[in-house]
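Enquirer: Coordinates in structure-v1.tsv, TSV, C-alpha atoms, are listed below.
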chain	number	residue	atom	x	y	z
A	1	MET	CA	2.35	13.92	-27.32
A	2	ASN	CA	-0.17	11.44	-26.11
A	3	ILE	CA	0.63	7.77	-26.48
A	4	LEU	CA	-2.82	6.32	-26.70
A	5	GLY	CA	-3.20	3.23	-24.66
A	6	ILE	CA	-0.77	0.38	-24.61
A	7	ILE	CA	1.16	0.03	-27.80
A	8	ALA	CA	2.62	-3.39	-28.37
A	9	SER	CA	6.25	-3.25	-29.40
A	10	SER	CA	7.90	-5.46	-31.94
A	11	LYS	CA	11.10	-5.32	-29.89
A	12	LEU	CA	10.16	-7.63	-27.07
A	13	ALA	CA	13.02	-9.08	-25.10
A	14	ALA	CA	13.59	-12.74	-25.59
A	15	ALA	CA	11.52	-14.74	-23.17
A	16	GLY	CA	13.48	-15.59	-20.06
A	17	ASP	CA	16.25	-12.98	-20.33
A	18	PHE	CA	15.03	-11.33	-17.14
A	19	GLU	CA	13.16	-13.76	-14.95
A	20	SER	CA	11.35	-13.49	-11.68
A	21	ILE	CA	12.87	-15.96	-9.19
A	22	ALA	CA	10.94	-15.17	-6.01
A	23	THR	CA	9.03	-12.41	-4.25
A	24	VAL	CA	8.43	-11.89	-0.54
A	25	THR	CA	5.75	-9.53	0.77
A	26	VAL	CA	5.66	-9.05	4.52
A	27	GLY	CA	2.35	-9.82	6.17
A	28	SER	CA	0.42	-8.07	8.90
A	29	GLY	CA	2.63	-9.39	11.69
A	30	GLY	CA	5.82	-7.91	10.26
A	31	ALA	CA	9.04	-9.84	9.76
A	32	SER	CA	12.50	-9.69	11.31
A	33	ASP	CA	14.15	-10.54	8.02
A	34	VAL	CA	13.47	-11.39	4.41
A	35	THR	CA	15.59	-14.23	3.02
A	36	PHE	CA	15.95	-15.65	-0.45
A	37	SER	CA	17.42	-19.14	-0.31
A	38	SER	CA	18.26	-21.89	-2.79
A	39	ILE	CA	19.02	-19.32	-5.47
A	40	PRO	CA	19.84	-21.26	-8.62
A	41	ALA	CA	23.11	-20.65	-10.46
A	42	THR	CA	21.43	-20.55	-13.85
A	43	TYR	CA	21.68	-16.78	-14.37
A	44	SER	CA	24.53	-14.34	-14.98
A	45	HIS	CA	23.37	-11.59	-12.63
A	46	LEU	CA	20.78	-10.96	-9.93
A	47	GLN	CA	18.62	-7.93	-9.29
A	48	ILE	CA	16.62	-7.30	-6.13
A	49	ARG	CA	13.91	-4.68	-6.22
A	50	GLY	CA	12.85	-3.74	-2.70
A	51	MET	CA	10.26	-1.54	-1.06
A	52	ALA	CA	10.60	-1.38	2.71
A	53	LYS	CA	9.17	0.14	5.82
A	54	ASP	CA	10.44	0.01	9.37
A	55	SER	CA	8.31	-1.22	12.27
A	56	ASN	CA	9.91	1.38	14.54
A	57	SER	CA	9.66	5.15	14.61
A	58	THR	CA	13.42	5.62	14.74
A	59	THR	CA	15.72	5.60	11.76
A	60	GLN	CA	17.02	2.16	10.85
A	61	GLN	CA	19.25	0.96	8.05
A	62	LEU	CA	18.65	-1.82	5.58
A	63	ARG	CA	21.41	-4.42	5.62
A	64	PHE	CA	22.05	-7.74	3.99
A	65	GLN	CA	24.25	-10.79	4.30
A	66	ILE	CA	25.10	-13.44	1.74
A	67	ASN	CA	25.12	-17.23	2.18
A	68	THR	CA	24.54	-16.77	5.93
A	69	ASP	CA	28.11	-15.51	6.21
A	70	THR	CA	28.33	-13.51	9.45
A	71	GLY	CA	32.11	-13.11	9.29
A	72	ASN	CA	33.84	-9.81	8.66
A	73	ASN	CA	34.04	-10.46	4.94
A	74	TYR	CA	32.12	-7.48	3.61
A	75	ALA	CA	33.04	-3.93	2.67
A	76	TYR	CA	31.12	-1.05	1.15
A	77	HIS	CA	31.26	2.55	-0.02
A	78	GLN	CA	28.33	4.93	-0.02
A	79	LEU	CA	27.48	8.34	-1.47
A	80	TYR	CA	24.25	9.95	-0.38
A	81	GLY	CA	22.31	13.18	-0.13
A	82	THR	CA	19.87	14.18	2.58
A	83	GLY	CA	18.26	17.09	0.81
A	84	SER	CA	20.61	19.58	2.41
A	85	SER	CA	24.01	17.90	2.51
A	86	VAL	CA	26.08	15.29	0.69
A	87	SER	CA	28.12	12.64	2.46
A	88	ALA	CA	30.31	9.72	1.58
A	89	GLY	CA	31.28	6.82	3.76
A	90	ALA	CA	33.08	3.53	3.68
A	91	ALA	CA	33.58	0.52	5.90
A	92	ALA	CA	35.89	-2.45	5.62
A	93	SER	CA	35.91	-5.86	7.30
A	94	GLN	CA	32.24	-5.69	8.11
A	95	ALA	CA	29.77	-8.46	8.84
A	96	LEU	CA	27.23	-7.03	6.40
A	97	ILE	CA	26.60	-4.70	3.49
A	98	SER	CA	24.66	-1.59	4.42
A	99	ASN	CA	22.08	-0.16	2.08
A	100	ALA	CA	21.57	2.69	4.51
A	101	TYR	CA	18.23	4.45	4.52
A	102	ALA	CA	16.34	2.48	1.93
A	103	VAL	CA	13.53	2.12	4.39
A	104	ALA	CA	10.82	4.46	5.61
A	105	LEU	CA	9.88	4.95	9.22
A	106	ASN	CA	6.77	3.34	10.60
A	107	ASN	CA	5.30	6.64	11.78
A	108	VAL	CA	5.24	8.02	8.24
A	109	THR	CA	1.93	6.97	6.82
A	110	SER	CA	1.98	4.97	3.60
A	111	VAL	CA	5.57	5.89	2.65
A	112	PHE	CA	8.05	3.15	1.75
A	113	GLY	CA	11.73	3.40	0.92
A	114	VAL	CA	12.92	1.79	-2.29
A	115	SER	CA	16.09	0.09	-3.45
A	116	ILE	CA	17.39	-1.59	-6.56
A	117	ILE	CA	20.34	-3.89	-5.96
A	118	ASP	CA	22.40	-5.57	-8.67
A	119	ILE	CA	24.74	-8.46	-7.96
A	120	LEU	CA	26.97	-9.22	-10.91
A	121	ASP	CA	28.47	-12.64	-11.68
A	122	TYR	CA	26.91	-13.97	-8.48
A	123	ALA	CA	27.55	-17.61	-9.35
A	124	ASN	CA	31.15	-17.17	-10.49
A	125	THR	CA	33.51	-19.16	-8.24
A	126	ASN	CA	36.67	-17.38	-9.38
A	127	LYS	CA	36.04	-13.88	-8.05
A	128	TYR	CA	34.78	-11.96	-5.06
A	129	LYS	CA	31.24	-10.64	-5.46
A	130	THR	CA	30.49	-6.96	-6.04
A	131	VAL	CA	27.14	-5.35	-5.44
A	132	ARG	CA	25.78	-1.97	-6.49
A	133	SER	CA	22.59	-0.31	-5.41
A	134	LEU	CA	20.44	2.77	-5.80
A	135	HIS	CA	18.20	3.53	-2.88
A	136	GLY	CA	16.19	6.26	-1.24
A	137	THR	CA	13.18	7.56	0.63
A	138	ASP	CA	11.32	10.82	0.35
A	139	VAL	CA	8.83	12.05	2.94
A	140	ASN	CA	7.55	15.32	1.51
A	141	GLY	CA	10.03	17.66	3.13
A	142	THR	CA	10.19	16.14	6.59
A	143	ASP	CA	12.81	13.57	5.68
A	144	GLY	CA	14.59	12.44	2.58
A	145	TYR	CA	17.56	10.47	1.47
A	146	VAL	CA	18.91	9.20	-1.83
A	147	GLY	CA	22.14	7.31	-2.29
A	148	ILE	CA	24.26	4.83	-4.13
A	149	THR	CA	26.28	2.00	-2.63
A	150	SER	CA	28.94	-0.37	-3.86
A	151	GLY	CA	29.55	-3.46	-1.78
A	152	LEU	CA	32.03	-6.31	-1.73
A	153	TRP	CA	31.66	-9.82	-0.36
A	154	GLN	CA	35.10	-11.37	-0.12
A	155	SER	CA	34.20	-14.88	-1.10
A	156	THR	CA	34.51	-16.88	-4.29
A	157	SER	CA	31.50	-19.01	-3.39
A	158	ALA	CA	28.47	-18.88	-5.61
A	159	ILE	CA	25.69	-16.88	-3.97
A	160	THR	CA	22.82	-19.14	-2.98
A	161	SER	CA	21.09	-17.07	-0.31
A	162	ILE	CA	20.59	-13.41	0.62
A	163	LYS	CA	19.19	-12.19	3.91
A	164	PHE	CA	17.81	-8.67	4.37
A	165	TYR	CA	17.28	-7.21	7.82
A	166	LEU	CA	17.17	-3.92	9.71
A	167	THR	CA	19.37	-2.39	12.35
A	168	GLY	CA	18.13	-1.96	15.89
A	169	GLY	CA	16.28	-5.25	15.87
A	170	ALA	CA	13.46	-3.60	13.97
A	171	ASN	CA	11.02	-5.59	11.89
A	172	PHE	CA	9.96	-4.95	8.35
A	173	ALA	CA	6.44	-3.57	8.40
A	174	GLN	CA	3.49	-4.99	6.51
A	175	TYR	CA	3.58	-4.55	2.73
A	176	SER	CA	7.37	-4.39	2.61
A	177	THR	CA	8.28	-6.28	-0.54
A	178	PHE	CA	11.46	-7.73	-2.00
A	179	ALA	CA	11.50	-9.27	-5.47
A	180	LEU	CA	14.47	-11.29	-6.74
A	181	TYR	CA	15.16	-11.49	-10.48
A	182	GLY	CA	17.71	-13.40	-12.52
A	183	ILE	CA	19.32	-11.93	-15.64
A	184	LYS	CA	20.65	-14.36	-18.21
A	185	GLY	CA	23.74	-13.90	-20.32
A	186	ALA	CA	23.96	-14.71	-23.98
B	187	MET	CA	9.03	-19.04	-20.06
B	188	ALA	CA	6.81	-16.06	-19.44
B	189	ILE	CA	8.27	-12.67	-20.30
B	190	THR	CA	9.09	-10.79	-17.10
B	191	TYR	CA	10.50	-7.53	-18.42
B	192	GLU	CA	8.81	-6.11	-21.47
B	193	PRO	CA	8.22	-2.82	-23.26
B	194	ILE	CA	4.75	-1.39	-22.79
B	195	ALA	CA	4.98	1.61	-25.06
B	196	THR	CA	7.55	3.77	-26.77
B	197	THR	CA	7.65	6.98	-28.75
B	198	THR	CA	10.17	9.05	-30.64
B	199	LEU	CA	9.27	12.68	-31.14
B	200	SER	CA	9.30	13.79	-34.76
B	201	SER	CA	8.76	17.38	-33.70
B	202	ALA	CA	9.02	19.37	-30.50
B	203	ALA	CA	6.38	18.57	-27.90
B	204	ALA	CA	5.44	20.09	-24.55
B	205	SER	CA	4.67	16.75	-22.94
B	206	VAL	CA	4.57	13.00	-23.43
B	207	THR	CA	1.82	10.84	-21.98
B	208	PHE	CA	1.60	7.14	-21.29
B	209	SER	CA	-2.05	6.37	-20.68
B	210	THR	CA	-4.18	3.33	-19.93
B	211	ILE	CA	-1.28	1.63	-18.17
B	212	SER	CA	-2.52	-1.76	-17.10
B	213	GLY	CA	-2.01	-3.16	-13.62
B	214	ALA	CA	-0.52	-6.34	-15.02
B	215	TYR	CA	3.02	-5.59	-13.84
B	216	THR	CA	4.75	-5.13	-10.51
B	217	ASP	CA	7.12	-2.28	-11.38
B	218	LEU	CA	7.49	0.24	-14.18
B	219	VAL	CA	10.78	1.40	-15.66
B	220	LEU	CA	10.93	4.63	-17.63
B	221	VAL	CA	13.83	5.05	-20.07
B	222	CYS	CA	14.29	8.43	-21.75
B	223	ASN	CA	16.84	9.97	-24.06
B	224	ILE	CA	15.89	13.61	-24.03
B	225	ALA	CA	16.75	16.71	-25.93
B	226	GLN	CA	15.24	19.92	-24.72
B	227	ALA	CA	14.45	23.13	-26.50
B	228	ALA	CA	15.95	25.25	-23.75
B	229	SER	CA	18.54	24.67	-21.09
B	230	ASN	CA	18.38	24.75	-17.31
B	231	ASN	CA	15.23	22.76	-16.75
B	232	SER	CA	14.07	19.55	-15.15
B	233	LEU	CA	12.25	16.41	-16.23
B	234	ARG	CA	8.93	16.50	-14.40
B	235	ILE	CA	6.30	13.83	-13.91
B	236	ARG	CA	2.63	13.68	-13.04
B	237	TYR	CA	0.64	10.60	-12.23
B	238	ASN	CA	-3.01	10.09	-13.12
B	239	SER	CA	-3.24	13.75	-14.22
B	240	ASP	CA	-3.03	14.82	-10.58
B	241	THR	CA	-2.28	18.56	-10.48
B	242	GLY	CA	-2.56	18.82	-6.70
B	243	SER	CA	0.35	19.63	-4.39
B	244	ASN	CA	1.07	15.97	-3.77
B	245	TYR	CA	4.63	15.57	-5.02
B	246	SER	CA	8.04	15.89	-3.38
B	247	PHE	CA	11.61	14.83	-3.99
B	248	THR	CA	15.12	14.48	-2.62
B	249	ASN	CA	18.05	14.46	-5.01
B	250	LEU	CA	21.81	14.20	-5.19
B	251	SER	CA	23.90	15.66	-7.98
B	252	GLY	CA	27.45	16.40	-9.01
B	253	ASP	CA	28.59	18.70	-11.79
B	254	GLY	CA	32.28	17.87	-11.91
B	255	SER	CA	33.32	20.28	-9.21
B	256	THR	CA	30.54	20.36	-6.63
B	257	ALA	CA	28.30	17.71	-5.08
B	258	SER	CA	24.96	18.90	-3.76
B	259	SER	CA	21.65	17.62	-2.46
B	260	GLY	CA	18.25	19.26	-2.60
B	261	ARG	CA	14.71	18.63	-1.47
B	262	ASP	CA	11.33	20.16	-2.11
B	263	SER	CA	7.80	19.36	-1.00
B	264	ASN	CA	4.13	19.96	-1.78
B	265	LEU	CA	4.81	20.36	-5.49
B	266	THR	CA	2.29	20.11	-8.30
B	267	SER	CA	4.57	17.75	-10.24
B	268	GLY	CA	7.36	15.38	-9.34
B	269	LEU	CA	11.04	15.64	-10.25
B	270	VAL	CA	12.60	12.77	-12.17
B	271	ALA	CA	15.94	14.36	-13.07
B	272	ASN	CA	17.63	17.71	-13.34
B	273	THR	CA	18.51	18.55	-16.89
B	274	SER	CA	20.41	21.78	-17.08
B	275	GLY	CA	22.80	21.71	-19.97
B	276	SER	CA	22.84	21.82	-23.69
B	277	THR	CA	20.02	21.09	-26.08
B	278	SER	CA	21.78	18.14	-27.66
B	279	LEU	CA	20.65	14.56	-27.19
B	280	GLU	CA	22.62	14.13	-24.04
B	281	LEU	CA	20.24	13.43	-21.18
B	282	VAL	CA	19.61	9.78	-20.41
B	283	VAL	CA	17.18	8.98	-17.61
B	284	ILE	CA	16.23	5.63	-16.16
B	285	ALA	CA	13.59	5.84	-13.46
B	286	HIS	CA	11.90	3.04	-11.54
B	287	ILE	CA	8.34	3.15	-10.18
B	288	GLN	CA	7.86	0.25	-7.83
B	289	ASN	CA	4.58	-1.40	-6.92
B	290	TYR	CA	2.82	1.20	-9.02
B	291	SER	CA	-0.54	-0.52	-9.06
B	292	ASN	CA	-0.96	-1.32	-5.38
B	293	ALA	CA	-3.75	0.61	-3.71
B	294	THR	CA	-2.23	0.64	-0.23
B	295	THR	CA	0.96	2.68	-0.33
B	296	TYR	CA	2.08	6.05	-1.62
B	297	LYS	CA	4.15	5.74	-4.78
B	298	THR	CA	7.89	6.31	-4.82
B	299	HIS	CA	10.04	6.59	-7.92
B	300	ILE	CA	13.81	6.49	-7.96
B	301	GLY	CA	16.16	7.04	-10.84
B	302	ARG	CA	19.33	8.36	-12.31
B	303	GLY	CA	19.82	11.27	-14.69
B	304	ASN	CA	22.96	11.24	-16.78
B	305	ARG	CA	24.32	14.22	-18.66
B	306	ALA	CA	27.83	13.43	-19.73
B	307	ALA	CA	28.48	17.01	-20.77
B	308	SER	CA	27.46	18.61	-17.52
B	309	ALA	CA	26.45	16.51	-14.52
B	310	THR	CA	24.98	13.33	-13.07
B	311	ASP	CA	22.26	12.93	-10.47
B	312	ALA	CA	20.06	10.57	-8.51
B	313	THR	CA	16.53	11.44	-7.46
B	314	VAL	CA	13.88	9.84	-5.28
B	315	GLY	CA	10.35	11.21	-5.60
B	316	LEU	CA	7.10	10.68	-3.73
B	317	TRP	CA	3.52	10.93	-4.95
B	318	ARG	CA	1.21	11.02	-1.97
B	319	SER	CA	-1.57	8.89	-3.34
B	320	THR	CA	-2.58	5.29	-2.85
B	321	ALA	CA	-4.24	5.14	-6.26
B	322	ALA	CA	-2.90	2.72	-8.84
B	323	ILE	CA	-0.92	4.56	-11.50
B	324	THR	CA	-2.66	4.40	-14.85
B	325	THR	CA	-1.31	7.53	-16.55
B	326	ILE	CA	2.13	9.14	-16.62
B	327	ASP	CA	2.70	12.63	-18.01
B	328	LEU	CA	6.23	13.88	-18.61
B	329	ALA	CA	7.30	17.46	-19.26
B	330	MET	CA	10.26	19.78	-19.03
B	331	GLY	CA	10.66	22.76	-16.80
B	332	SER	CA	10.46	24.19	-13.35
B	333	THR	CA	6.72	24.27	-13.93
B	334	PHE	CA	4.70	21.71	-15.84
B	335	PRO	CA	5.59	22.26	-18.65
B	336	SER	CA	7.63	25.34	-19.33
B	337	ASN	CA	9.81	24.03	-22.15
B	338	ASN	CA	9.50	21.59	-24.99
B	339	PHE	CA	11.10	18.25	-25.56
B	340	ALA	CA	13.03	18.64	-28.79
B	341	SER	CA	12.54	16.48	-31.84
B	342	GLY	CA	14.35	13.17	-31.55
B	343	SER	CA	13.67	12.64	-27.87
B	344	THR	CA	12.73	9.04	-27.11
B	345	PHE	CA	10.64	7.60	-24.29
B	346	THR	CA	10.01	3.96	-23.46
B	347	LEU	CA	7.97	2.52	-20.62
B	348	TYR	CA	8.74	-1.04	-19.51
B	349	GLY	CA	6.83	-3.33	-17.18
B	350	ILE	CA	8.39	-5.88	-14.83
B	351	LYS	CA	6.40	-8.79	-13.45
B	352	ALA	CA	7.33	-10.37	-10.15
B	353	ALA	CA	6.61	-13.99	-9.31
Go through the file and emit its structure as structure tokens.
Expert:
Amino acid sequence: MNILGIIASSKLAAAGDFESIATVTVGSGGASDVTFSSIPATYSHLQIRGMAKDSNSTTQQLRFQINTDTGNNYAYHQLYGTGSSVSAGAAASQALISNAYAVALNNVTSVFGVSIIDILDYANTNKYKTVRSLHGTDVNGTDGYVGITSGLWQSTSAITSIKFYLTGGANFAQYSTFALYGIKGA
Amino acid sequence: MAITYEPIATTTLSSAAASVTFSTISGAYTDLVLVCNIAQAASNNSLRIRYNSDTGSNYSFTNLSGDGSTASSGRDSNLTSGLVANTSGSTSLELVVIAHIQNYSNATTYKTHIGRGNRAASATDATVGLWRSTAAITTIDLAMGSTFPSNNFASGSTFTLYGIKAA
């Protein structure tokens, strides 16, 4: 069945239910990190939609920290497939949350890894913060990875900043993009 | 406040169909989100995708799935259509797919989609797919089968395409 053109729907979401807060696109010089700061507490949940590429030709992992907290206050579990095997991992008392291989290598032309990260109740000051993500990269048979991650930040502080960076001191390559959205409750 | 996340088009099949097409997709958004509730006319097939009617061998995927007893991961390359989700199982309305196509209209990068297929009666999976083209996506074709298409979507299947605008 062909849906001809763009059909306007009468079921539009209410304006402002899902709002764009900020977007960062890395320029030609690359960037060592991408940070969202001064995140307002006016939403119920956050979603980050990322597309990333590594400046190096070796495999690096995407990681993030919250509120500039570099203490060992993070933990995460991961489940992922490489195209030939399935693995699961976990780490406690970490200084970061790993999103693993949500980033493509620099020597793979035009390919970017993708990730979608949800942070629920990010501004609630009565609970620790839990993160979930879906992430992956496919490189037409030469490399591939898809996985899911749950992460914990053991703090009751409202989240006001999120910093993304790569292992190995690598930079994000040009055109890497992270977009932060806020989702409102009723 | 401007609407950031909005439906672009939706359809509900009133009879079986070999494919569903979203065409003339504007470049006004940053990402696309495809939401499907699919019944199929035969079992043991996959939800496939083509962009811009490209029938070349420009698609590949890596996926992860579990069927209740076994977890597995697969990969394939140089395909003539992309994989969105595996859909083996019954012909009831049981397959729910949410797939994300990020930065679909940029003319610099290849396009990657990532999504989850959910079949409560049989299995769950996650798939990342690559289309090796820097062209902006203006058309999406969906079909069922190991080839494109080899089975029908059954009546009652629903498909909605959403657009998300970044700041």
Enquirer: Which one of A:Gln94, A:Ser20, A:Asn56, A:Thr149 sits closest to chain B if you count only C-alpha atoms?
Expert: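 Of the candidates, the smallest distance to chain B is held by A:Ser20.
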Enquirer: For Ser133 (chain A), work out the shell of residues within 6 Å, counting all atoms listed in the file and skipping chain neighbours fewer than 2 positions away, then give it as JSON, numbers by chain.
Expert: {"A": [116, 117, 148, 149]}
Enquirer: A:Asn124, A:Asn140, A:Gln174, A:Ser57: which is nearest chain B, counting only C-alpha atoms?
Expert: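 Of all the options, A:Asn140 lies closest to chain B.
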Enquirer: If we count all atoms listed in the file and set the cut-off at 10 Å, which residues sit around Tyr175 (chain A), ignoring sequence neighbours fewer than 6 positions away in its own chain? Please answer as JSON, numbers by chain.
Expert: {"A": [24, 25, 26, 27, 28, 30, 51, 52, 53, 110, 112], "B": [292, 294, 295]}
Enquirer: What's around Val103 (chain A) at 9 Å? Count only C-alpha atoms, leave out sequence neighbours fewer than 4 positions away in its own chain, and write the answer as a list in words.
Expert: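 The residues satisfying every condition are Met51, Ala52, Lys53, Asp54, Thr59, Gln60, Gln61, Leu62, Val111, Phe112, Gly113, Val114, Ser115, His135, Gly136, Thr137, Leu166 and Phe172 of chain A.
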Enquirer: Quick one, how far is CA of Ser155 (chain A) from CA of Tyr76 (chain A)?
Expert: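 Separation of CA of Ser155 (chain A) and CA of Tyr76 (chain A): 14.3 Å.
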Enquirer: Rounded to one decimal in Å, what is the spacing between CA of Asp217 (chain B) and CA of Leu269 (chain B)?
Expert: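 Between CA of Asp217 (chain B) and CA of Leu269 (chain B) the gap works out to 18.4 Å.
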Enquirer: Using all atoms listed in the file, which residues sit within 10 Å of Thr325 (chain B) once same-chain residues fewer than 6 positions away are excluded, as a CSV table (one decimal) with C-alpha atoms, in the coordinates of the input?
Expert:
chain,number,residue,atom,x,y,z
A,5,GLY,CA,-3.2,3.2,-24.7
B,207,THR,CA,1.8,10.8,-22.0
B,208,PHE,CA,1.6,7.1,-21.3
B,209,SER,CA,-2.0,6.4,-20.7
B,210,THR,CA,-4.2,3.3,-19.9
B,211,ILE,CA,-1.3,1.6,-18.2
B,212,SER,CA,-2.5,-1.8,-17.1
B,236,ARG,CA,2.6,13.7,-13.0
B,237,TYR,CA,0.6,10.6,-12.2
B,238,ASN,CA,-3.0,10.1,-13.1
B,239,SER,CA,-3.2,13.8,-14.2
B,240,ASP,CA,-3.0,14.8,-10.6
Enquirer: Out of A:Ser150, A:Ser32, A:Gln78, A:Ser85, which residue has the shortest atom-to-atom distance to chain B when counting all atoms listed in the file?
Expert: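 With all atoms listed in the file as the atom set, the closest residue is A:Ser85.
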Enquirer: If you measure from CA of Leu220 (chain B) to CA of Gly254 (chain B), what distance in Å do you get, rounded to one decimal?
Expert: 25.8 Å
Enquirer: Can you tell me, as a VMD selection string, what residues are no more than 10 Å from Ala285 (chain B) when counting all atoms listed in the file, ignoring any on the same chain fewer than 5 positions away?
Expert: chain B and resid 218 to 222 270 to 271 299 to 303 312 to 314 347
Enquirer: Counting only C-alpha atoms, a student should be able to say which residues of chain B come within 7 Å of chain A; what is the right answer, written as a PyMOL selection string?
Expert: chain B and resi 187-195+203+205-211+246-250+257-264+295-296+312-316+352-353
Enquirer: Hey, can you spit out that residue selection with C-alpha atoms as a PDB file, in the frame of the given file?
Expert:
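The resulting file, result_30.pdb, is reproduced below:
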ATOM      1  CA  MET B 187       9.030 -19.040 -20.060  1.00  0.00           C
ATOM      2  CA  ALA B 188       6.810 -16.060 -19.440  1.00  0.00           C
ATOM      3  CA  ILE B 189       8.270 -12.670 -20.300  1.00  0.00           C
ATOM      4  CA  THR B 190       9.090 -10.790 -17.100  1.00  0.00           C
ATOM      5  CA  TYR B 191      10.500  -7.530 -18.420  1.00  0.00           C
ATOM      6  CA  GLU B 192       8.810  -6.110 -21.470  1.00  0.00           C
ATOM      7  CA  PRO B 193       8.220  -2.820 -23.260  1.00  0.00           C
ATOM      8  CA  ILE B 194       4.750  -1.390 -22.790  1.00  0.00           C
ATOM      9  CA  ALA B 195       4.980   1.610 -25.060  1.00  0.00           C
ATOM     10  CA  ALA B 203       6.380  18.570 -27.900  1.00  0.00           C
ATOM     11  CA  SER B 205       4.670  16.750 -22.940  1.00  0.00           C
ATOM     12  CA  VAL B 206       4.570  13.000 -23.430  1.00  0.00           C
ATOM     13  CA  THR B 207       1.820  10.840 -21.980  1.00  0.00           C
ATOM     14  CA  PHE B 208       1.600   7.140 -21.290  1.00  0.00           C
ATOM     15  CA  SER B 209      -2.050   6.370 -20.680  1.00  0.00           C
ATOM     16  CA  THR B 210      -4.180   3.330 -19.930  1.00  0.00           C
ATOM     17  CA  ILE B 211      -1.280   1.630 -18.170  1.00  0.00           C
ATOM     18  CA  SER B 246       8.040  15.890  -3.380  1.00  0.00           C
ATOM     19  CA  PHE B 247      11.610  14.830  -3.990  1.00  0.00           C
ATOM     20  CA  THR B 248      15.120  14.480  -2.620  1.00  0.00           C
ATOM     21  CA  ASN B 249      18.050  14.460  -5.010  1.00  0.00           C
ATOM     22  CA  LEU B 250      21.810  14.200  -5.190  1.00  0.00           C
ATOM     23  CA  ALA B 257      28.300  17.710  -5.080  1.00  0.00           C
ATOM     24  CA  SER B 258      24.960  18.900  -3.760  1.00  0.00           C
ATOM     25  CA  SER B 259      21.650  17.620  -2.460  1.00  0.00           C
ATOM     26  CA  GLY B 260      18.250  19.260  -2.600  1.00  0.00           C
ATOM     27  CA  ARG B 261      14.710  18.630  -1.470  1.00  0.00           C
ATOM     28  CA  ASP B 262      11.330  20.160  -2.110  1.00  0.00           C
ATOM     29  CA  SER B 263       7.800  19.360  -1.000  1.00  0.00           C
ATOM     30  CA  ASN B 264       4.130  19.960  -1.780  1.00  0.00           C
ATOM     31  CA  THR B 295       0.960   2.680  -0.330  1.00  0.00           C
ATOM     32  CA  TYR B 296       2.080   6.050  -1.620  1.00  0.00           C
ATOM     33  CA  ALA B 312      20.060  10.570  -8.510  1.00  0.00           C
ATOM     34  CA  THR B 313      16.530  11.440  -7.460  1.00  0.00           C
ATOM     35  CA  VAL B 314      13.880   9.840  -5.280  1.00  0.00           C
ATOM     36  CA  GLY B 315      10.350  11.210  -5.600  1.00  0.00           C
ATOM     37  CA  LEU B 316       7.100  10.680  -3.730  1.00  0.00           C
ATOM     38  CA  ALA B 352       7.330 -10.370 -10.150  1.00  0.00           C
ATOM     39  CA  ALA B 353       6.610 -13.990  -9.310  1.00  0.00           C
TER      40      ALA B 353
END
Enquirer: Can you work out which one of B:Ile323, B:Leu281, B:Met330, B:Ile224 has the shortest atom-to-atom distance to Asn304 (chain B), counting only C-alpha atoms?
Expert: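 Looking only at the distances to Asn304 (chain B), the closest residue turns out to be B:Leu281.
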Enquirer: With only C-alpha atoms as the atoms that count, which of B:Asn337, B:Thr320, B:Ser343, B:Thr241 lies nearest to Asn289 (chain B)?
Expert: B:Thr320
Enquirer: Identify which of the residues B:Thr266, B:Asn223, B:Thr310, B:Ser200 lies closest to Asp253 (chain B), counting all atoms listed in the file when measuring atom-to-atom distances.
Expert: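 Checking each candidate against Asp253 (chain B), we get B:Thr310 as the closest.
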Enquirer: Please write as number ranges by chain the list of polymer residues whose atoms come within 6 Å of (17.9, -14.7, -13.0), counting all atoms listed in the file and keeping to the coordinates of the file.
Expert: A: 19, 43, 46, 181-184
